[in-house]
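Working notes, beginning with the structure itself.
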2 protein chains.
Amino acid sequence: MAKERDDTIASRISRVLADRIIRGEIAPDARLRQDHIAEEFGASHVPVREAFRRLEAQGLAISEPRRGVRVASFDLKEVREVAEMRAALESLALKHAAQHLTPAILDAAEEATREGDAAADVRAWEEANRRFHRLILAPCGMVRLLASIDDLHAASARFLFSAWQSGWEKRTDHDHRAILAALRQGRVDEAASILQKHVQWIGRAPVRTPSGVTREAFAIVG
Amino acid sequence: MAKERDDTIASRISRVLADRIIRGEIAPDARLRQDHIAEEFGASHVPVREAFRRLEAQGLAISEPRRGVRVASFDLKEVREVAEMRAALESLALKHAAQHLTPAILDAAEEATREGDAAADVRAWEEANRRFHRLILAPCGMVRLLASIDDLHAASARFLFSAWQSGWEKRTDHDHRAILAALRQGRVDEAASILQKHVQWIGRAPVRTPSGVTREAFAIVG
DNA sequence: GATTAAAAAATTATCTATAATTTTAAAAGG
DNA sequence: CCTTTTAAAATTATAGATAATTTTTTAATC
């Protein structure tokens, strides 16, 4: 088994912290204390601080000089912002990816859609959904664009896990199928157009806060 | 004058290095040696390493574990990629900014256009051009989107300075004026459409390499 | 009892020092 | 003379220590 990756301690810490923030294990506005994290990972704070800079760049943490780092908070406005950015960038990526899509890739994407439909919880659905998008977009081969889209997907997942802490109901993803159908027939613009609307669909879910109040939470569900 | 900003040594170093990379003072693929940089700034390598992580996130540097950091190289493909990303994101920003644009802002943008037309060298033109774009886009108030656009502008500037090391010729920016005219008349979609084509316009310039060979360089000139 | 002031504790930002790795230079062999 | 091997220098990555700042706690005052 691959025990040691060729990566640094800092990148490992940033990956684990990013994951925790996305999954909501660390709450928005919670402080990220470098010494505590360093101790947990059996490292010094130097790599921890480097990890912080990366989380900052990904929009997952906010750093204030001399006052430390805290988990970035978010609101409906930012959910909308991420949705629109995803719509713009993913449709761009799809237009370039289209010509490189093979039947095998489209089949894999269809399989991912089926897995998403069958998913029993949010986490499984998110994984399958992200895989679908990655599959049809990656062939564009635009490194920078794909990196930006990945960061936006991380933000999306965070919104989603925050809104649907529990109670996921299965549903058939008609958009994904319509996108695949259009791509199979070479109707690229139509596929991009469906994708654009698809990722802008914002779902609502009731959320019980610790204080017992029930408020409404929003998230991108595409 | 403001002697000390409320920011950290790491952010100061990252800003200075970013500037140098953008201006082409440090060549693509050149190694960034942490101890040397630390010494130059009278600091230790801890803040230097933090600065590296930020440059990495901005796409200005590439880090390979245990092998150090080097200035990111780029090619025509990436110039195109950045142009397309800018087209997608800037038109999105403009659509949202439009409703918040005031006559004062549009006048300031027109002034920036005039300054760009009158610019004697690339650097002055780039500064004015970036100001124009910032002015008409910032009112969208979408923090994340604007941050992404800023990073893309940095990349654009780098391409530009690399291509036009010398020999800038003045030209009247008809696109900027057409965009302003459309915005003044409330024709937002038309303005966004012109902007979209505008930033995808890729200019060509002959460049003499150190070895004496003359090749063609490409850059976004919008 | 709430508010302000002072002291203590915790935390950040940075530097100096050390081990591990990579790059460069030199030497040996074909 | 070119290739491979070995040794030296440079460089990265990390740890441990220290000064400065912020936060928390405790005490004092209104």
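Identifiers for the structure tokens are assigned positionally: chains receive A, B, ... in sequence, residues are indexed from 1 per chain, and ligands are indexed from 1 in the order shown.
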Worksheet entry | Spatial neighbours of C:DA28, max dist 12 Å, only C-alpha atoms (C1' of nucleotides), sep filter under 6 positions, as a VMD selection string | chain D and resid 3 to 7
Just-selected residues, C-alpha atoms (C1' of nucleotides) written as a compact mmCIF listing (two decimals), in the first residue's frame:
# COMPACT_ATOMS: atom_id res chain seq x y z
C1' DT D 3 30.09 8.15 -18.86
C1' DT D 4 29.47 6.67 -14.27
C1' DT D 5 30.55 6.98 -9.39
C1' DT D 6 31.70 9.41 -5.35
C1' DA D 7 32.23 13.42 -2.50
Worksheet item: So which bits of chain A end up strand (DSSP E or B) when you DSSP the backbone, as an MDAnalysis selection string?
Response: chainID A and resid 31:32 61:64 68:71 202:208 214:220
With a cut-off of 9 Å, could you pull out the residues of chain C touching chain A and give me the nearest pair of atoms for each, distance in Å to one decimal, using only C-alpha atoms (C1' of nucleotides), ordered by chain and ascending number, as CSV?
residue,atom,partner,partner_atom,distance
C:DT11,C1',A:Arg33,CA,7.7
C:DT12,C1',A:Arg66,CA,5.5
C:DA13,C1',A:Arg66,CA,7.2
Deliver the residues from the most recent selection as a file, using C-alpha atoms (C1' of nucleotides), as a short mmCIF file (atom, residue, chain, number, x, y, z; two decimals), in the first residue's frame.
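In the end it all went to part.cif:
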data_model
loop_
_atom_site.label_atom_id
_atom_site.label_comp_id
_atom_site.auth_asym_id
_atom_site.auth_seq_id
_atom_site.Cartn_x
_atom_site.Cartn_y
_atom_site.Cartn_z
"C1'" DT C 11 -1.43 32.30 21.03
"C1'" DT C 12 0.78 34.20 17.03
"C1'" DA C 13 4.77 35.43 14.30
#
Worksheet item: Taking into account only C-alpha atoms, which residue in the set A:Glu126, A:Glu111, A:Asp151, A:Asp117 is nearest to chain B?
Response: A:Asp151
Worksheet item: How far is it from atom CA of B:Asp121 to atom CA of B:Leu135, in Å with one decimal?
Response: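 If I compute the distance from atom CA of B:Asp121 to atom CA of B:Leu135, I get 21.5 Å.
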Fill in: Interface residues on chain D facing chain A, 10 Å, only C-alpha atoms (C1' of nucleotides), written as a PyMOL selection string
chain D and resi 13-16+20-23
Pick out the chain A residues within 9 Å of chain B. Count only C-alpha atoms. Give them as a PDB file with N, CA and C atoms, in the first residue's frame.
ATOM      1  N   ASP A   6       4.347  11.368  -2.098  1.00  0.00           N
ATOM      2  CA  ASP A   6       5.503  12.230  -2.322  1.00  0.00           C
ATOM      3  C   ASP A   6       5.194  13.668  -1.925  1.00  0.00           C
ATOM      4  N   ASP A   7       4.266  13.826  -0.983  1.00  0.00           N
ATOM      5  CA  ASP A   7       3.919  15.199  -0.639  1.00  0.00           C
ATOM      6  C   ASP A   7       4.385  15.570   0.759  1.00  0.00           C
ATOM      7  N   THR A   8       4.295  16.815   1.035  1.00  0.00           N
ATOM      8  CA  THR A   8       4.816  17.384   2.256  1.00  0.00           C
ATOM      9  C   THR A   8       3.808  17.317   3.408  1.00  0.00           C
ATOM     10  N   VAL A  46       5.273  25.180  11.745  1.00  0.00           N
ATOM     11  CA  VAL A  46       5.693  25.711  10.445  1.00  0.00           C
ATOM     12  C   VAL A  46       4.851  25.125   9.306  1.00  0.00           C
ATOM     13  N   ARG A  49       1.234  26.450   9.467  1.00  0.00           N
ATOM     14  CA  ARG A  49       1.042  27.789   8.926  1.00  0.00           C
ATOM     15  C   ARG A  49       0.996  27.758   7.403  1.00  0.00           C
ATOM     16  N   GLU A  50       1.824  26.911   6.800  1.00  0.00           N
ATOM     17  CA  GLU A  50       1.782  26.791   5.342  1.00  0.00           C
ATOM     18  C   GLU A  50       0.430  26.246   4.880  1.00  0.00           C
ATOM     19  N   ALA A  51      -0.081  25.289   5.626  1.00  0.00           N
ATOM     20  CA  ALA A  51      -1.401  24.735   5.303  1.00  0.00           C
ATOM     21  C   ALA A  51      -2.464  25.836   5.377  1.00  0.00           C
ATOM     22  N   PHE A  52      -2.346  26.698   6.374  1.00  0.00           N
ATOM     23  CA  PHE A  52      -3.296  27.796   6.530  1.00  0.00           C
ATOM     24  C   PHE A  52      -3.339  28.677   5.289  1.00  0.00           C
ATOM     25  N   ARG A  53      -2.175  28.966   4.736  1.00  0.00           N
ATOM     26  CA  ARG A  53      -2.124  29.837   3.556  1.00  0.00           C
ATOM     27  C   ARG A  53      -2.890  29.224   2.387  1.00  0.00           C
ATOM     28  N   ARG A  54      -2.803  27.897   2.307  1.00  0.00           N
ATOM     29  CA  ARG A  54      -3.503  27.219   1.224  1.00  0.00           C
ATOM     30  C   ARG A  54      -5.013  27.253   1.452  1.00  0.00           C
ATOM     31  N   GLU A  56      -6.602  29.434   3.038  1.00  0.00           N
ATOM     32  CA  GLU A  56      -6.984  30.821   2.802  1.00  0.00           C
ATOM     33  C   GLU A  56      -7.246  31.034   1.313  1.00  0.00           C
ATOM     34  N   ALA A  57      -6.320  30.562   0.488  1.00  0.00           N
ATOM     35  CA  ALA A  57      -6.439  30.732  -0.960  1.00  0.00           C
ATOM     36  C   ALA A  57      -7.660  30.011  -1.508  1.00  0.00           C
ATOM     37  N   GLN A  58      -8.018  28.900  -0.866  1.00  0.00           N
ATOM     38  CA  GLN A  58      -9.187  28.145  -1.324  1.00  0.00           C
ATOM     39  C   GLN A  58     -10.492  28.751  -0.829  1.00  0.00           C
ATOM     40  N   GLY A  59     -10.377  29.780  -0.014  1.00  0.00           N
ATOM     41  CA  GLY A  59     -11.584  30.420   0.503  1.00  0.00           C
ATOM     42  C   GLY A  59     -12.220  29.657   1.655  1.00  0.00           C
ATOM     43  N   GLU A  64      -6.378  36.721   9.951  1.00  0.00           N
ATOM     44  CA  GLU A  64      -6.162  38.109  10.329  1.00  0.00           C
ATOM     45  C   GLU A  64      -4.819  38.196  11.046  1.00  0.00           C
ATOM     46  N   PRO A  65      -3.955  39.073  10.562  1.00  0.00           N
ATOM     47  CA  PRO A  65      -2.616  39.174  11.138  1.00  0.00           C
ATOM     48  C   PRO A  65      -2.655  39.299  12.656  1.00  0.00           C
ATOM     49  N   ARG A  66      -1.845  38.505  13.307  1.00  0.00           N
ATOM     50  CA  ARG A  66      -1.706  38.536  14.773  1.00  0.00           C
ATOM     51  C   ARG A  66      -2.939  38.045  15.512  1.00  0.00           C
ATOM     52  N   LYS A  77     -25.805  34.597  -0.035  1.00  0.00           N
ATOM     53  CA  LYS A  77     -25.183  35.389  -1.097  1.00  0.00           C
ATOM     54  C   LYS A  77     -23.985  34.640  -1.689  1.00  0.00           C
ATOM     55  N   GLU A  78     -23.178  34.030  -0.816  1.00  0.00           N
ATOM     56  CA  GLU A  78     -22.011  33.333  -1.336  1.00  0.00           C
ATOM     57  C   GLU A  78     -22.396  32.031  -2.034  1.00  0.00           C
ATOM     58  N   GLU A  81     -23.206  33.097  -5.385  1.00  0.00           N
ATOM     59  CA  GLU A  81     -21.991  33.491  -6.095  1.00  0.00           C
ATOM     60  C   GLU A  81     -21.252  32.263  -6.635  1.00  0.00           C
ATOM     61  N   VAL A  82     -21.102  31.273  -5.779  1.00  0.00           N
ATOM     62  CA  VAL A  82     -20.407  30.050  -6.203  1.00  0.00           C
ATOM     63  C   VAL A  82     -21.182  29.349  -7.307  1.00  0.00           C
ATOM     64  N   GLU A  84     -23.098  30.689  -9.566  1.00  0.00           N
ATOM     65  CA  GLU A  84     -22.934  31.416 -10.833  1.00  0.00           C
ATOM     66  C   GLU A  84     -21.542  31.235 -11.412  1.00  0.00           C
ATOM     67  N   MET A  85     -20.543  31.215 -10.524  1.00  0.00           N
ATOM     68  CA  MET A  85     -19.185  30.985 -11.025  1.00  0.00           C
ATOM     69  C   MET A  85     -19.067  29.591 -11.612  1.00  0.00           C
ATOM     70  N   ALA A  88     -20.671  29.512 -15.046  1.00  0.00           N
ATOM     71  CA  ALA A  88     -19.845  30.144 -16.076  1.00  0.00           C
ATOM     72  C   ALA A  88     -18.646  29.277 -16.438  1.00  0.00           C
ATOM     73  N   LEU A  89     -17.946  28.764 -15.426  1.00  0.00           N
ATOM     74  CA  LEU A  89     -16.709  28.028 -15.703  1.00  0.00           C
ATOM     75  C   LEU A  89     -16.953  26.607 -16.184  1.00  0.00           C
ATOM     76  N   LEU A  92     -17.992  26.608 -19.797  1.00  0.00           N
ATOM     77  CA  LEU A  92     -16.801  26.862 -20.610  1.00  0.00           C
ATOM     78  C   LEU A  92     -15.965  25.583 -20.755  1.00  0.00           C
ATOM     79  N   MET A 142      -7.702  21.879 -19.500  1.00  0.00           N
ATOM     80  CA  MET A 142      -7.307  23.229 -19.077  1.00  0.00           C
ATOM     81  C   MET A 142      -7.049  23.212 -17.569  1.00  0.00           C
ATOM     82  N   VAL A 143      -5.767  23.141 -17.244  1.00  0.00           N
ATOM     83  CA  VAL A 143      -5.350  22.893 -15.861  1.00  0.00           C
ATOM     84  C   VAL A 143      -5.878  23.955 -14.891  1.00  0.00           C
ATOM     85  N   ARG A 144      -5.653  25.189 -15.268  1.00  0.00           N
ATOM     86  CA  ARG A 144      -6.047  26.291 -14.396  1.00  0.00           C
ATOM     87  C   ARG A 144      -7.558  26.328 -14.195  1.00  0.00           C
ATOM     88  N   LEU A 145      -8.280  26.180 -15.272  1.00  0.00           N
ATOM     89  CA  LEU A 145      -9.743  26.167 -15.211  1.00  0.00           C
ATOM     90  C   LEU A 145     -10.245  25.046 -14.320  1.00  0.00           C
ATOM     91  N   SER A 148      -9.727  25.794 -10.631  1.00  0.00           N
ATOM     92  CA  SER A 148     -10.732  26.733 -10.123  1.00  0.00           C
ATOM     93  C   SER A 148     -12.049  26.022  -9.875  1.00  0.00           C
TER      94      SER A 148
END
Discussion item. Nearest residue to C:DT23 out of D:DT29, D:DT24, D:DT18, D:DT12, using only C-alpha atoms (C1' of nucleotides)?
Written reply: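 Closest candidate: D:DT12.
Computed from the coordinates, the atom CA of B:Ala120 to atom CA of B:Trp164 distance equals 12.4 Å.
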